[in-house]
Amino acid sequence: MLIKNATLITWETKNRILADHAVVIKGDRIQDFGPAGEMAAKYNDTEIVDARGQYVMPGNICAHTHFYGAYARGMAIPGAAPKAFPEILQKLWWPLDRSLDEESIRYSILPCLVDAIRHGTTTLIDHHASPNAIDGSLDILADEVDRSGLRAVLCYEVTDRDGREKAQLGIAENIRFQKKLLANPNPRLAASFGLHASLTLSDSTLEACRQAAAAGEGFHIHTAEHEADEDDSMQKSGTRVIDRLEKHGILGSRTITAHGVHFDAREIEILKDTGTWLSHQPRSNMNNGVGVAPIESMLRSGVKVCLGNDGFSNAMWEEWKSAYLVHKVHHRDPRRMSGYDIQQIAVYNNAALANVFFPSAPIGKMVPGAFADLILVDYRPNTPLTVENLPWHILFGFQPGMITSTIAGGRILMRDRQLTTLDEEEIAAKSREIAPKVWDRYQIEVAKLNA
């Protein structure tokens, strides 16, 4: 495939913007790119895709999401609104994840994959929970990711909140799925080991997870999203969350900690020293009223900060904008959170994290040999667009609806805004049919809590 008549944004370490260029894809990799005429002469027997002057750039990456949250959209929480994050967990998320069965797991991920393709997010790192349908749940997700053509890292959220037996089933599901991928590798699928959060994990379960995981295996866990997580850790262990996780061997260069809103200086230092990743989700943090994570302090300390969405839409440029704005209003200082910081987090750090799980080729950058995960963006700037001002064009000019085509692993998943791998209408119709059943089961779970 040769994509011609394009302006390339390469996202190399030293980014370049190259007008009137073409990019050549062979298999699932970028084979070459260069001036359009030169590429057309060199690869004259190749399928042609005309970009018609659009920008062509690597696809977006999401460092932390929850596919299973799709059925929360439009669902009213019974009774008074939750007054704090622990109540949001108890009134919304925990009854909802208990309401999922195999069918609703499938039709929760599918709308999210449609959303990702439409909004140019080609790699997603998910964190799944379905306490009444644990065994095989990651296979359901994997099958649909594979069908969609996207790239994803999957795990099951281990927790003690549903009892010891289900905690053990969660551990088993992570291990089973990891072994399955080792036996049958898929270049677009990878596995992590999911943990909910310190506040729902006992010492014995944390130790069981560490013992079950392969040597050097990393984890994916929520950390200090609310003060309750820190308070619980102090009561259980006399230490803060990150200290407790370090003690149990959970941290490291393959571990993702999500949120970190209430870390102290020592926790940040431990993250840096252990090479642990931190994923920032500003839209979710604002929605839950949990506060604003000290992201700039983490960056200055050398923590590898990434950007996720926590189950919000997979329009990652919206997450860029939220991150850029919330830190300014929180500190009442327009100098806070530079566009370059957002670029570092969302582009370079997210790509480095994705490469941990997909190490066979560069990802998130346009270089020969990199994975061919690309998007076409119909953006017509009214001011000059340069490498130096690109972050601000993305923040104030780019819109998710400008993405016209999405390619992952060299395969076109959306061409001129028409999806090629998923039937969006069928998925939406079937999901609407299933949603009332999920909501009915949710009401039953809520009634149990209130009994």
# chains A, B, ... in the order shown; residues from 1 in each chain; ligands from 1
>>> residues_around(residues="Asn60 in chain A", least_positions_apart="6", cutoff="6 Å", atoms="only C-alpha atoms", output="PyMOL selection string")
chain A and resi 120-122
>>> write_last_selection(atoms="C-alpha atoms", output="PDB file, in the first residue's frame")
ATOM      1  CA  GLY A 120      -7.932   7.092  15.572  1.00  0.00           C
ATOM      2  CA  THR A 121      -6.868   5.229  18.714  1.00  0.00           C
ATOM      3  CA  THR A 122      -5.073   2.161  17.425  1.00  0.00           C
TER       4      THR A 122
END
>>> select_by_dssp(residues="range 215-425 of chain A", states="strand (DSSP E or B)", output="PyMOL selection string")
chain A and resi 220-223+256-259+277-280+304-307+371+374-377+403-408+411-415+418-419
>>> closest_atom_pairs(of="range 42-128 of chain A", to="range 307-314 of chain A", cutoff="12 Å", atoms="only C-alpha atoms", output="tab-separated table")
residue	atom	partner	partner_atom	distance
A:Gly59	CA	A:Asn314	CA	11.7
A:Asn60	CA	A:Asn314	CA	9.1
A:Ile61	CA	A:Gly308	CA	8.1
A:Cys62	CA	A:Gly308	CA	4.8
A:Ala63	CA	A:Gly308	CA	4.4
A:His64	CA	A:Gly308	CA	4.4
A:Thr65	CA	A:Asp310	CA	4.2
A:His66	CA	A:Gly311	CA	4.5
A:Phe67	CA	A:Gly311	CA	6.2
A:Tyr68	CA	A:Gly311	CA	8.0
A:Gly69	CA	A:Gly311	CA	6.0
A:Ala70	CA	A:Gly311	CA	7.5
A:Tyr71	CA	A:Gly311	CA	10.6
A:Ala72	CA	A:Gly311	CA	9.8
A:Arg73	CA	A:Phe312	CA	9.6
A:Trp93	CA	A:Gly311	CA	11.6
A:Ser108	CA	A:Gly311	CA	10.9
A:Ile109	CA	A:Gly311	CA	10.5
A:Pro111	CA	A:Ser313	CA	10.1
A:Cys112	CA	A:Asn314	CA	7.3
A:Leu113	CA	A:Asn314	CA	8.5
A:Val114	CA	A:Asn314	CA	9.3
A:Asp115	CA	A:Asn314	CA	6.0
A:Ala116	CA	A:Asn314	CA	5.0
A:Ile117	CA	A:Asn314	CA	8.5
A:Arg118	CA	A:Asn314	CA	8.7
A:His119	CA	A:Asn314	CA	6.4
A:Gly120	CA	A:Asn314	CA	8.1
A:Thr121	CA	A:Asn314	CA	6.4
A:Thr122	CA	A:Asn314	CA	9.6
A:Thr123	CA	A:Asn314	CA	10.2
A:Leu124	CA	A:Gly308	CA	8.7
A:Ile125	CA	A:Gly308	CA	8.4
A:Asp126	CA	A:Gly311	CA	8.8
A:His127	CA	A:Asp310	CA	8.9
A:His128	CA	A:Gly311	CA	10.5
>>> closest_residue(among="A:Met286, A:Leu182, A:Ile345, A:Ile221", to="Leu201 in chain A", atoms="only C-alpha atoms")
A:Ile221
>>> select_by_dssp(residues="range 117-289 of chain A", states="alpha helix (DSSP H)", output="PyMOL selection string")
chain A and resi 117-118+137-148+164-183+203-212+227-237+241-247+265-274+282-288
>>> closest_residue(among="A:Leu110, A:Val356, A:Cys306, A:Ile403", to="His259 in chain A", atoms="only C-alpha atoms")
A:Cys306
>>> residues_around(residues="range 385-391 of chain A", least_positions_apart="4", cutoff="9 Å", atoms="only C-alpha atoms", output="list of chain:residue names")
A:Ile9, A:Asn15, A:Arg16, A:Ile17, A:Gly339, A:Tyr340, A:Ile342, A:Gln343, A:Pro381, A:Leu395, A:Phe396
>>> write_last_selection(atoms="C-alpha atoms", output="tab-separated table (two decimals), in the first residue's frame")
chain	number	residue	atom	x	y	z
A	9	ILE	CA	3.81	13.87	10.97
A	15	ASN	CA	9.67	15.09	15.05
A	16	ARG	CA	9.33	16.05	11.39
A	17	ILE	CA	6.47	17.40	9.30
A	339	GLY	CA	1.65	21.64	25.49
A	340	TYR	CA	5.10	20.06	25.22
A	342	ILE	CA	1.17	16.85	27.03
A	343	GLN	CA	2.99	15.83	23.84
A	381	PRO	CA	-4.92	24.90	9.41
A	395	LEU	CA	-5.04	21.20	21.49
A	396	PHE	CA	-6.94	24.03	19.81
>>> residues_around(residues="Gly163 in chain A", least_positions_apart="4", cutoff="12 Å", atoms="only C-alpha atoms", output="list in words")
Pro131, Asn132, Val158, Thr159, Ala167, Gln168, Leu169, Gly170, Thr200, Leu201, Ser202 and Thr205 of chain A
>>> atom_distance(atom1="CA of His248 in chain A", atom2="CA of Leu278 in chain A")
18.0 Å
>>> closest_residue(among="A:Leu449, A:Val290, A:Ala435, A:Arg336", to="Lys83 in chain A", atoms="only C-alpha atoms")
A:Val290
>>> residues_around(residues="range 213-215 of chain A", least_positions_apart="6", cutoff="9 Å", atoms="only C-alpha atoms", output="mmCIF file with N, CA and C atoms, in the first residue's frame")
data_model
loop_
_atom_site.group_PDB
_atom_site.id
_atom_site.type_symbol
_atom_site.label_atom_id
_atom_site.label_comp_id
_atom_site.auth_asym_id
_atom_site.auth_seq_id
_atom_site.Cartn_x
_atom_site.Cartn_y
_atom_site.Cartn_z
ATOM 1 N N ILE A 171 -7.132 -14.425 39.426
ATOM 2 C CA ILE A 171 -5.719 -14.774 39.245
ATOM 3 C C ILE A 171 -5.578 -15.811 38.134
ATOM 4 N N ASN A 174 -6.007 -14.351 34.547
ATOM 5 C CA ASN A 174 -4.812 -13.675 34.059
ATOM 6 C C ASN A 174 -3.760 -14.667 33.587
ATOM 7 N N ILE A 175 -3.500 -15.677 34.401
ATOM 8 C CA ILE A 175 -2.461 -16.658 34.061
ATOM 9 C C ILE A 175 -2.859 -17.476 32.833
ATOM 10 N N PHE A 193 -1.199 -8.261 34.025
ATOM 11 C CA PHE A 193 -1.823 -8.946 35.166
ATOM 12 C C PHE A 193 -2.583 -7.871 35.937
#
>>> atom_distance(atom1="CA of Pro58 in chain A", atom2="CA of Asp373 in chain A")
5.7 Å
>>> residues_around(residues="His220 in chain A", least_positions_apart="6", cutoff="7 Å", atoms="only C-alpha atoms", output="PyMOL selection string")
chain A and resi 192-195+255-257
>>> atom_distance(atom1="CA of Asn355 in chain A", atom2="CA of Glu157 in chain A")
22.1 Å
